[in-house]
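These notes concern the structure reproduced below.
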Amino acid sequence: MSAHRLFSSWSAASAAILALTVSAGAETKWLWSTAYAIPKWTTNQGSGYFSIVCGKNGKLYIGTAKYGVNAYLVEFDPASKTMKVVVDCHKEIGTKATGFAAQSKIHTRNNVGASGKIYFGTKQGYPEKNEKRTDYPGGYPMVYDPATGKTRVYPIPVKHHGIISIAPDEKRGVAYISTCDDNRPIESTHFLVLDLKTGKYRDLMDCQHMYAFIVVDYLGRAYHPILGGDIARYTPPSSPNAEGKLERLKQLIDGKPPTDDSLLAHPNSHPINWDISPDRKTLYAVAMSANQLYRYDLTGEEKVLSGHRLGPLVPNAKKTDCRALCVGPTGTVWAAVTAQTELGSSIFYLVSYHPSDRTTTCHGPVAIRNPNYTEFTDKNGKKLPWHHGIRKLKGGIVTTNYTILGVCEALDGNVYALSLAPLTLHQIPNPRKK
């Protein structure tokens, strides 16, 4: 959801949320983040999405959204604590389109190829008055090479569709793409194979599943969710002249079909965040509005994907929202969650799971140790627009105000997350190391 839609739909409630004071409680154990503002000129609504990843060089690569204008890939160097724009999407594409025709955001979860290249894609914003969805030409898959500073732009795969997922398999010279047309209640989301050398596409199927995350397993098989709970699995050809194999898998959770409350098999689909273990043999998943982490075994050959419950994200929460899930280089799963608990609504919690654990661990709520990390008012003391994503709780605790949209574990051992308004990067010392 865009910052525009998020905040406009909550306009009546925003003032109440901003004025909310809750008891932090002396007994609450807070995790402390160091906050860094993403360059403000790269957004116009303080917005970003799932788009964060740690490169092989130890630097973070973060996508931004500037609705009706452009999108940018920002590099953060944890060593120097500095940020710079490394990809100006419109410049690389060669377009000056504005309004709904613009490439308004990078919404993909950025992925890293074996070469160290960063894979991402552009996506549409939201049409304003007198704008049509067909005004948007379509999104572009892109590959940025930190070693050379160069970016390759691939052609639009499906007209008028944005790019929501791109997962590389450089060993086989391909990347897998998921597109999105943003129609509701059911989207059109094409699952495609991109030849990285020729730039040609093969359209495998329309999976009709919103916000799809593609993963590639240890055998080079690519997985994409399908409307209704099934999962598409594509096995690449064993030789250049052979055909790949597309299968439709059923899923089981603890030996049974997914329950309605799991949201894993919603009839209109529901955002489900996936990531894969470093050995690419295990898939982890969380449905956005369901308070549960799942694990799937990817080593089987059968047409059933077997999953298991691992535990709740935030125990005893009345409501949760998780749009930020990753598996770090240590094999630890991280989830950045906002939850309604005794502390209040939309409280930012950090959760982890490691294969050696019996269940998930909620490490507690996250507060900002440097609340003056950026300017929030102009020279006249007036609050800057799109800076209301930070709030002060009773007791002086400063924290975020809305959903957390991205998380990653970096090579420096810290966990990083993204929050809205202003678009902010949070550096959290790894609580598992204490």
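Identifiers in the structure tokens: chain A, B, ... in order shown; residue index from 1 per chain; ligand index from 1 in order shown.
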For A:Thr360, work out the shell of residues within 9 Å, counting only C-alpha atoms and skipping chain neighbours fewer than 2 positions away, then give it as a PDB file with N, CA and C atoms, in the first residue's frame.
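Writing the result to part.pdb gives the following:
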ATOM      1  N   LEU A 293       4.548 -17.666  11.996  1.00  0.00           N
ATOM      2  CA  LEU A 293       5.632 -17.952  11.065  1.00  0.00           C
ATOM      3  C   LEU A 293       5.550 -19.414  10.645  1.00  0.00           C
ATOM      4  N   LEU A 310       5.693 -22.539  13.164  1.00  0.00           N
ATOM      5  CA  LEU A 310       6.863 -22.394  14.015  1.00  0.00           C
ATOM      6  C   LEU A 310       6.562 -21.628  15.289  1.00  0.00           C
ATOM      7  N   GLY A 311       5.517 -20.807  15.271  1.00  0.00           N
ATOM      8  CA  GLY A 311       5.164 -20.063  16.461  1.00  0.00           C
ATOM      9  C   GLY A 311       4.654 -18.682  16.114  1.00  0.00           C
ATOM     10  N   PRO A 312       4.040 -18.013  17.086  1.00  0.00           N
ATOM     11  CA  PRO A 312       3.501 -16.670  16.838  1.00  0.00           C
ATOM     12  C   PRO A 312       4.629 -15.649  16.716  1.00  0.00           C
ATOM     13  N   LEU A 313       4.340 -14.555  16.034  1.00  0.00           N
ATOM     14  CA  LEU A 313       5.309 -13.473  15.940  1.00  0.00           C
ATOM     15  C   LEU A 313       5.353 -12.683  17.250  1.00  0.00           C
ATOM     16  N   VAL A 314       4.202 -12.209  17.671  1.00  0.00           N
ATOM     17  CA  VAL A 314       4.103 -11.448  18.925  1.00  0.00           C
ATOM     18  C   VAL A 314       3.048 -12.128  19.790  1.00  0.00           C
ATOM     19  N   VAL A 351      11.276  -9.773  15.793  1.00  0.00           N
ATOM     20  CA  VAL A 351      11.064 -11.199  16.059  1.00  0.00           C
ATOM     21  C   VAL A 351      12.119 -11.998  15.299  1.00  0.00           C
ATOM     22  N   SER A 352      12.571 -13.105  15.867  1.00  0.00           N
ATOM     23  CA  SER A 352      13.533 -13.954  15.150  1.00  0.00           C
ATOM     24  C   SER A 352      13.220 -15.426  15.350  1.00  0.00           C
ATOM     25  N   TYR A 353      13.811 -16.224  14.459  1.00  0.00           N
ATOM     26  CA  TYR A 353      13.752 -17.688  14.566  1.00  0.00           C
ATOM     27  C   TYR A 353      14.993 -18.243  13.906  1.00  0.00           C
ATOM     28  N   HIS A 354      15.625 -19.220  14.534  1.00  0.00           N
ATOM     29  CA  HIS A 354      16.759 -19.937  13.949  1.00  0.00           C
ATOM     30  C   HIS A 354      16.418 -21.420  13.947  1.00  0.00           C
ATOM     31  N   ASP A 357      16.240 -23.242  17.089  1.00  0.00           N
ATOM     32  CA  ASP A 357      15.247 -22.840  18.093  1.00  0.00           C
ATOM     33  C   ASP A 357      14.033 -23.766  18.070  1.00  0.00           C
ATOM     34  N   ARG A 358      13.367 -23.878  19.196  1.00  0.00           N
ATOM     35  CA  ARG A 358      12.141 -24.659  19.264  1.00  0.00           C
ATOM     36  C   ARG A 358      10.953 -23.861  18.738  1.00  0.00           C
ATOM     37  N   CYS A 362      10.128 -13.311  20.282  1.00  0.00           N
ATOM     38  CA  CYS A 362       9.837 -11.885  20.176  1.00  0.00           C
ATOM     39  C   CYS A 362      10.799 -11.163  21.119  1.00  0.00           C
TER      40      CYS A 362
END
- Query: Where does DSSP see strand (DSSP E) in stretch 97-253 of chain A, if you list the residues as a VMD selection string?
  - Reply: chain A and resid 105 to 106 111 to 112 118 to 123 141 to 145 150 to 153 162 to 169 174 to 180 190 to 195 201 to 206 215 to 216 222 to 225 231 to 235 245 to 253
- Message: What's around stretch 221-233 of chain A at 6 Å? Count only C-alpha atoms, leave out sequence neighbours fewer than 4 positions away in its own chain, and write the answer as a PyMOL selection string.
- Response: chain A and resi 207-209+214-217+246-250+264-267+269
Residues of the last selection are to be written out with N, CA and C atoms, as a PDB file, in the first residue's frame.
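Listing of again_10.pdb after writing:
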ATOM      1  N   CYS A 207      -0.654 -16.026 -12.200  1.00  0.00           N
ATOM      2  CA  CYS A 207      -0.919 -16.643 -10.902  1.00  0.00           C
ATOM      3  C   CYS A 207      -1.993 -15.916 -10.099  1.00  0.00           C
ATOM      4  N   GLN A 208      -2.293 -14.671 -10.459  1.00  0.00           N
ATOM      5  CA  GLN A 208      -3.363 -13.881  -9.836  1.00  0.00           C
ATOM      6  C   GLN A 208      -3.199 -13.725  -8.321  1.00  0.00           C
ATOM      7  N   HIS A 209      -1.946 -13.679  -7.852  1.00  0.00           N
ATOM      8  CA  HIS A 209      -1.685 -13.542  -6.416  1.00  0.00           C
ATOM      9  C   HIS A 209      -0.973 -12.237  -6.134  1.00  0.00           C
ATOM     10  N   ILE A 214       9.033 -14.398  -5.262  1.00  0.00           N
ATOM     11  CA  ILE A 214       9.563 -15.597  -5.901  1.00  0.00           C
ATOM     12  C   ILE A 214      10.840 -16.026  -5.178  1.00  0.00           C
ATOM     13  N   VAL A 215      10.999 -17.327  -4.973  1.00  0.00           N
ATOM     14  CA  VAL A 215      12.249 -17.871  -4.444  1.00  0.00           C
ATOM     15  C   VAL A 215      12.747 -18.959  -5.386  1.00  0.00           C
ATOM     16  N   VAL A 216      14.064 -19.175  -5.377  1.00  0.00           N
ATOM     17  CA  VAL A 216      14.705 -20.200  -6.214  1.00  0.00           C
ATOM     18  C   VAL A 216      15.452 -21.147  -5.292  1.00  0.00           C
ATOM     19  N   ASP A 217      15.151 -22.450  -5.386  1.00  0.00           N
ATOM     20  CA  ASP A 217      15.732 -23.405  -4.442  1.00  0.00           C
ATOM     21  C   ASP A 217      17.089 -23.939  -4.907  1.00  0.00           C
ATOM     22  N   LEU A 246       6.548 -26.972 -15.527  1.00  0.00           N
ATOM     23  CA  LEU A 246       5.742 -26.153 -14.629  1.00  0.00           C
ATOM     24  C   LEU A 246       4.738 -27.049 -13.919  1.00  0.00           C
ATOM     25  N   GLU A 247       4.739 -27.008 -12.586  1.00  0.00           N
ATOM     26  CA  GLU A 247       3.834 -27.825 -11.789  1.00  0.00           C
ATOM     27  C   GLU A 247       3.020 -26.936 -10.856  1.00  0.00           C
ATOM     28  N   ARG A 248       1.852 -27.438 -10.497  1.00  0.00           N
ATOM     29  CA  ARG A 248       0.986 -26.756  -9.535  1.00  0.00           C
ATOM     30  C   ARG A 248       0.945 -27.597  -8.268  1.00  0.00           C
ATOM     31  N   LEU A 249       1.496 -27.054  -7.176  1.00  0.00           N
ATOM     32  CA  LEU A 249       1.610 -27.801  -5.934  1.00  0.00           C
ATOM     33  C   LEU A 249       0.501 -27.418  -4.958  1.00  0.00           C
ATOM     34  N   LYS A 250       0.006 -28.404  -4.241  1.00  0.00           N
ATOM     35  CA  LYS A 250      -0.850 -28.154  -3.090  1.00  0.00           C
ATOM     36  C   LYS A 250       0.054 -27.900  -1.888  1.00  0.00           C
ATOM     37  N   LEU A 264      -3.312 -18.160   4.284  1.00  0.00           N
ATOM     38  CA  LEU A 264      -2.389 -18.713   3.287  1.00  0.00           C
ATOM     39  C   LEU A 264      -3.106 -19.138   2.012  1.00  0.00           C
ATOM     40  N   ALA A 265      -4.429 -19.255   2.067  1.00  0.00           N
ATOM     41  CA  ALA A 265      -5.199 -19.712   0.906  1.00  0.00           C
ATOM     42  C   ALA A 265      -6.452 -18.856   0.733  1.00  0.00           C
ATOM     43  N   HIS A 266      -6.279 -17.556   0.838  1.00  0.00           N
ATOM     44  CA  HIS A 266      -7.400 -16.632   0.750  1.00  0.00           C
ATOM     45  C   HIS A 266      -7.986 -16.636  -0.663  1.00  0.00           C
ATOM     46  N   PRO A 267      -9.318 -16.640  -0.816  1.00  0.00           N
ATOM     47  CA  PRO A 267      -9.921 -16.704  -2.159  1.00  0.00           C
ATOM     48  C   PRO A 267      -9.598 -15.501  -3.043  1.00  0.00           C
ATOM     49  N   SER A 269      -6.662 -13.834  -2.470  1.00  0.00           N
ATOM     50  CA  SER A 269      -5.241 -13.762  -2.121  1.00  0.00           C
ATOM     51  C   SER A 269      -5.009 -12.749  -1.018  1.00  0.00           C
TER      52      SER A 269
END
- Query: Out of A:Trp32, A:Tyr72, A:Tyr126, A:Trp334, which residue has the shortest atom-to-atom distance to A:Met142 when counting only C-alpha atoms?
  - Reply: A:Tyr72
- Using only C-alpha atoms: which of A:Ile186, A:Leu219, A:Ala421, A:Val69 has the shortest distance to A:Lys171: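 Ranked by minimum distance to A:Lys171, first place goes to A:Leu219.
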Write out as a short mmCIF file (atom, residue, chain, number, x, y, z; two decimals) with C-alpha atoms, in the first residue's frame each polymer residue whose atoms come within 10 Å of A:Ser165, counting only C-alpha atoms; drop sequence neighbours fewer than 5 positions from it.
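Result file is out.cif:
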data_model
loop_
_atom_site.label_atom_id
_atom_site.label_comp_id
_atom_site.auth_asym_id
_atom_site.auth_seq_id
_atom_site.Cartn_x
_atom_site.Cartn_y
_atom_site.Cartn_z
CA HIS A 107 8.53 -2.19 -4.56
CA THR A 108 10.44 -5.41 -5.19
CA ARG A 109 12.35 -7.14 -2.47
CA ASN A 110 15.84 -6.50 -3.78
CA ASN A 111 17.83 -9.67 -4.37
CA TYR A 119 18.27 -7.17 -8.80
CA PHE A 120 15.20 -4.94 -8.49
CA GLY A 121 12.34 -3.53 -10.56
CA THR A 122 10.08 -0.51 -10.96
CA PRO A 141 13.48 -5.17 -14.31
CA ALA A 175 15.85 -14.37 -13.51
CA TYR A 176 12.26 -14.99 -12.50
CA ILE A 177 9.79 -12.11 -12.62
CA SER A 178 6.38 -11.48 -11.09
CA THR A 179 4.28 -8.62 -12.45
CA CYS A 180 1.29 -6.81 -10.94
CA PHE A 191 5.14 -15.51 -13.56
CA TYR A 211 2.47 -9.07 -3.76
CA ALA A 212 4.17 -12.29 -4.83
CA PHE A 213 7.69 -13.15 -3.68
CA ILE A 214 9.56 -15.60 -5.90
CA VAL A 215 12.25 -17.87 -4.44
CA HIS A 224 5.44 -18.45 -7.04
#
- Task: Please provide the set of residues having any atom within 6 Å of A:Asp275, restricted to only C-alpha atoms, with same-chain residues fewer than 5 positions apart removed, written as a list of chain:residue names.
- Result: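 Result of the neighbour search: A:Leu283, A:Tyr284, A:Cys326.
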With C-alpha atoms retained, export the selected residues as a CSV table (one decimal), in the first residue's frame.
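What ended up in again.csv:
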chain,number,residue,atom,x,y,z
A,283,LEU,CA,11.2,-21.6,2.6
A,284,TYR,CA,9.9,-19.3,5.4
A,326,CYS,CA,14.0,-11.9,5.7
- Item | Proximity to A:Gly149 - best of A:Val337, A:Pro137, A:Met210, A:Leu73, only C-alpha atoms |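 Nearest to A:Gly149: A:Leu73.
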- Note on the structure: Min atom-atom distance to A:Glu92 from the set A:Tyr154, A:Tyr218, A:Tyr402, A:Phe376, counting only C-alpha atoms, belongs to A:Tyr154
- Which of these residues is nearest to A:Ile62, using only C-alpha atoms: A:Ile347, A:Ile428, A:Leu405, A:Val333?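 The closest residue to A:Ile62 is A:Leu405.
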- Task: Just the residues within 9 Å of A:Thr151, please, counting only C-alpha atoms, with nothing from its chain fewer than 3 positions along; format it as an NGL selection string.
- Result: :A and (87 or 92 or 142-146 or 148)
- Excluding A:Thr403 and any residue of its chain fewer than 4 positions from it, enumerate the residues within 12 Å of it, using only C-alpha atoms, and give them as a VMD selection string. chain A and resid 1 to 3 6 to 7 47 to 50 288 to 289 320 to 324 336 to 340 345 to 349 389 to 390 399 407 417 to 421 423
Quick one: write out the picked residues with N, CA and C atoms as a tab-separated table (two decimals), in the first residue's frame?
chain	number	residue	atom	x	y	z
A	1	MET	N	0.84	-1.19	0.00
A	1	MET	CA	0.00	0.00	0.00
A	1	MET	C	0.88	1.24	0.00
A	2	SER	N	0.53	2.23	-0.78
A	2	SER	CA	1.34	3.44	-0.85
A	2	SER	C	1.15	4.28	0.39
A	3	ALA	N	2.15	5.14	0.64
A	3	ALA	CA	2.00	6.08	1.74
A	3	ALA	C	0.79	6.96	1.51
A	6	LEU	N	-2.21	4.90	2.34
A	6	LEU	CA	-2.18	4.57	3.76
A	6	LEU	C	-2.64	5.74	4.60
A	7	PHE	N	-2.06	6.92	4.32
A	7	PHE	CA	-2.34	8.07	5.17
A	7	PHE	C	-3.67	8.73	4.82
A	47	SER	N	7.93	7.60	1.69
A	47	SER	CA	7.51	6.22	1.51
A	47	SER	C	8.57	5.31	0.91
A	48	GLY	N	8.54	4.06	1.35
A	48	GLY	CA	9.33	2.99	0.76
A	48	GLY	C	8.60	1.68	0.98
A	49	TYR	N	9.19	0.57	0.55
A	49	TYR	CA	8.47	-0.70	0.60
A	49	TYR	C	9.38	-1.82	1.11
A	50	PHE	N	9.24	-3.03	0.54
A	50	PHE	CA	10.03	-4.18	0.99
A	50	PHE	C	11.48	-4.06	0.56
A	288	MET	N	0.60	-11.48	5.95
A	288	MET	CA	0.71	-10.14	6.50
A	288	MET	C	-0.09	-9.94	7.79
A	289	SER	N	-1.34	-10.40	7.80
A	289	SER	CA	-2.22	-10.11	8.92
A	289	SER	C	-2.44	-11.29	9.85
A	320	THR	N	-1.74	-8.01	14.44
A	320	THR	CA	-0.37	-7.84	13.94
A	320	THR	C	-0.39	-7.50	12.47
A	321	ASP	N	0.67	-6.84	12.03
A	321	ASP	CA	0.88	-6.53	10.62
A	321	ASP	C	2.35	-6.77	10.34
A	322	CYS	N	2.65	-7.75	9.49
A	322	CYS	CA	4.03	-8.06	9.16
A	322	CYS	C	4.23	-8.02	7.66
A	323	ARG	N	4.95	-7.00	7.19
A	323	ARG	CA	5.29	-6.86	5.78
A	323	ARG	C	6.79	-6.97	5.57
A	324	ALA	N	7.51	-7.27	6.65
A	324	ALA	CA	8.97	-7.28	6.61
A	324	ALA	C	9.48	-8.60	7.16
A	336	ALA	N	10.03	-7.93	11.17
A	336	ALA	CA	9.75	-6.64	11.79
A	336	ALA	C	8.24	-6.45	11.74
A	337	VAL	N	7.62	-6.38	12.89
A	337	VAL	CA	6.17	-6.48	13.02
A	337	VAL	C	5.62	-5.25	13.73
A	338	THR	N	4.46	-4.78	13.31
A	338	THR	CA	3.73	-3.83	14.14
A	338	THR	C	2.54	-4.57	14.75
A	339	ALA	N	2.31	-4.32	16.02
A	339	ALA	CA	1.30	-5.09	16.74
A	339	ALA	C	0.53	-4.20	17.70
A	340	GLN	N	-0.71	-4.62	17.96
A	340	GLN	CA	-1.52	-3.99	18.99
A	340	GLN	C	-1.37	-4.82	20.26
A	345	SER	N	-1.21	0.68	19.96
A	345	SER	CA	-1.39	0.17	18.61
A	345	SER	C	-0.17	0.49	17.75
A	346	SER	N	0.06	-0.34	16.74
A	346	SER	CA	1.16	-0.17	15.78
A	346	SER	C	2.51	-0.05	16.48
A	347	ILE	N	2.74	-0.87	17.49
A	347	ILE	CA	4.04	-0.89	18.17
A	347	ILE	C	4.99	-1.80	17.39
A	348	PHE	N	6.19	-1.30	17.14
A	348	PHE	CA	7.20	-1.98	16.34
A	348	PHE	C	7.91	-3.02	17.21
A	349	TYR	N	7.80	-4.32	16.80
A	349	TYR	CA	8.47	-5.41	17.49
A	349	TYR	C	9.44	-6.11	16.54
A	389	GLY	N	5.43	9.97	10.96
A	389	GLY	CA	5.60	8.54	11.21
A	389	GLY	C	6.41	8.24	12.46
A	390	ILE	N	6.79	9.28	13.20
A	390	ILE	CA	7.52	9.12	14.45
A	390	ILE	C	6.68	9.71	15.57
A	399	THR	N	9.30	6.29	19.11
A	399	THR	CA	9.25	5.12	18.25
A	399	THR	C	8.47	5.44	16.98
A	407	VAL	N	12.99	-5.39	6.12
A	407	VAL	CA	13.97	-5.79	7.14
A	407	VAL	C	15.07	-6.60	6.48
A	417	ALA	N	15.79	-2.11	9.48
A	417	ALA	CA	14.39	-2.07	9.09
A	417	ALA	C	14.03	-0.70	8.56
A	418	LEU	N	12.95	-0.64	7.78
A	418	LEU	CA	12.49	0.60	7.17
A	418	LEU	C	11.15	1.02	7.74
A	419	SER	N	11.02	2.31	8.06
A	419	SER	CA	9.74	2.86	8.50
A	419	SER	C	9.38	4.08	7.66
A	420	LEU	N	8.12	4.50	7.77
A	420	LEU	CA	7.56	5.56	6.94
A	420	LEU	C	7.59	6.93	7.59
A	421	ALA	N	7.60	7.94	6.75
A	421	ALA	CA	7.26	9.33	7.05
A	421	ALA	C	8.02	9.96	8.23
A	423	LEU	N	10.90	8.48	5.37
A	423	LEU	CA	11.48	7.16	5.10
A	423	LEU	C	12.78	7.05	5.90
- For each of A:Thr282, A:Asn372, A:Thr42, A:Glu27, take the minimum atom-to-atom distance to A:Arg391, counting only C-alpha atoms, then give the residue where this is smallest.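 Nearest to A:Arg391: A:Asn372.
In this structure, atom CA of A:Ile166 sits 15.9 Å away from atom CA of A:Gly406.
Atom pair atom CA of A:Glu170 / atom CA of A:Gly199 has a distance of 13.5 Å (rounded to one decimal).
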- Quick one: DSSP helix (DSSP H, G or I) residues in stretch 23-228 of chain A, as a PyMOL selection string? chain A and resi 40-42+89-93+99-101+133-135+170-172
Any chance you can output those residues with C-alpha atoms as a PDB file, in the first residue's frame?
ATOM      1  CA  LYS A  40      14.394  13.182   1.501  1.00  0.00           C
ATOM      2  CA  TRP A  41      14.477  14.339  -2.102  1.00  0.00           C
ATOM      3  CA  THR A  42      14.164  10.684  -3.189  1.00  0.00           C
ATOM      4  CA  CYS A  89      15.478   4.874 -12.559  1.00  0.00           C
ATOM      5  CA  HIS A  90      14.143   7.435 -15.045  1.00  0.00           C
ATOM      6  CA  LYS A  91      17.651   8.384 -16.119  1.00  0.00           C
ATOM      7  CA  GLU A  92      18.573   4.742 -16.739  1.00  0.00           C
ATOM      8  CA  ILE A  93      15.322   4.045 -18.611  1.00  0.00           C
ATOM      9  CA  GLY A  99       1.957  11.365 -13.161  1.00  0.00           C
ATOM     10  CA  PHE A 100       0.679   7.814 -13.342  1.00  0.00           C
ATOM     11  CA  ALA A 101       2.950   7.152 -16.345  1.00  0.00           C
ATOM     12  CA  ARG A 133      -4.301   2.602 -15.432  1.00  0.00           C
ATOM     13  CA  THR A 134      -3.329   2.150 -19.069  1.00  0.00           C
ATOM     14  CA  ASP A 135      -1.354   5.420 -18.818  1.00  0.00           C
ATOM     15  CA  GLU A 170      22.795 -16.431 -12.574  1.00  0.00           C
ATOM     16  CA  LYS A 171      24.181 -19.954 -12.808  1.00  0.00           C
ATOM     17  CA  ARG A 172      21.506 -20.731 -15.408  1.00  0.00           C
TER      18      ARG A 172
END
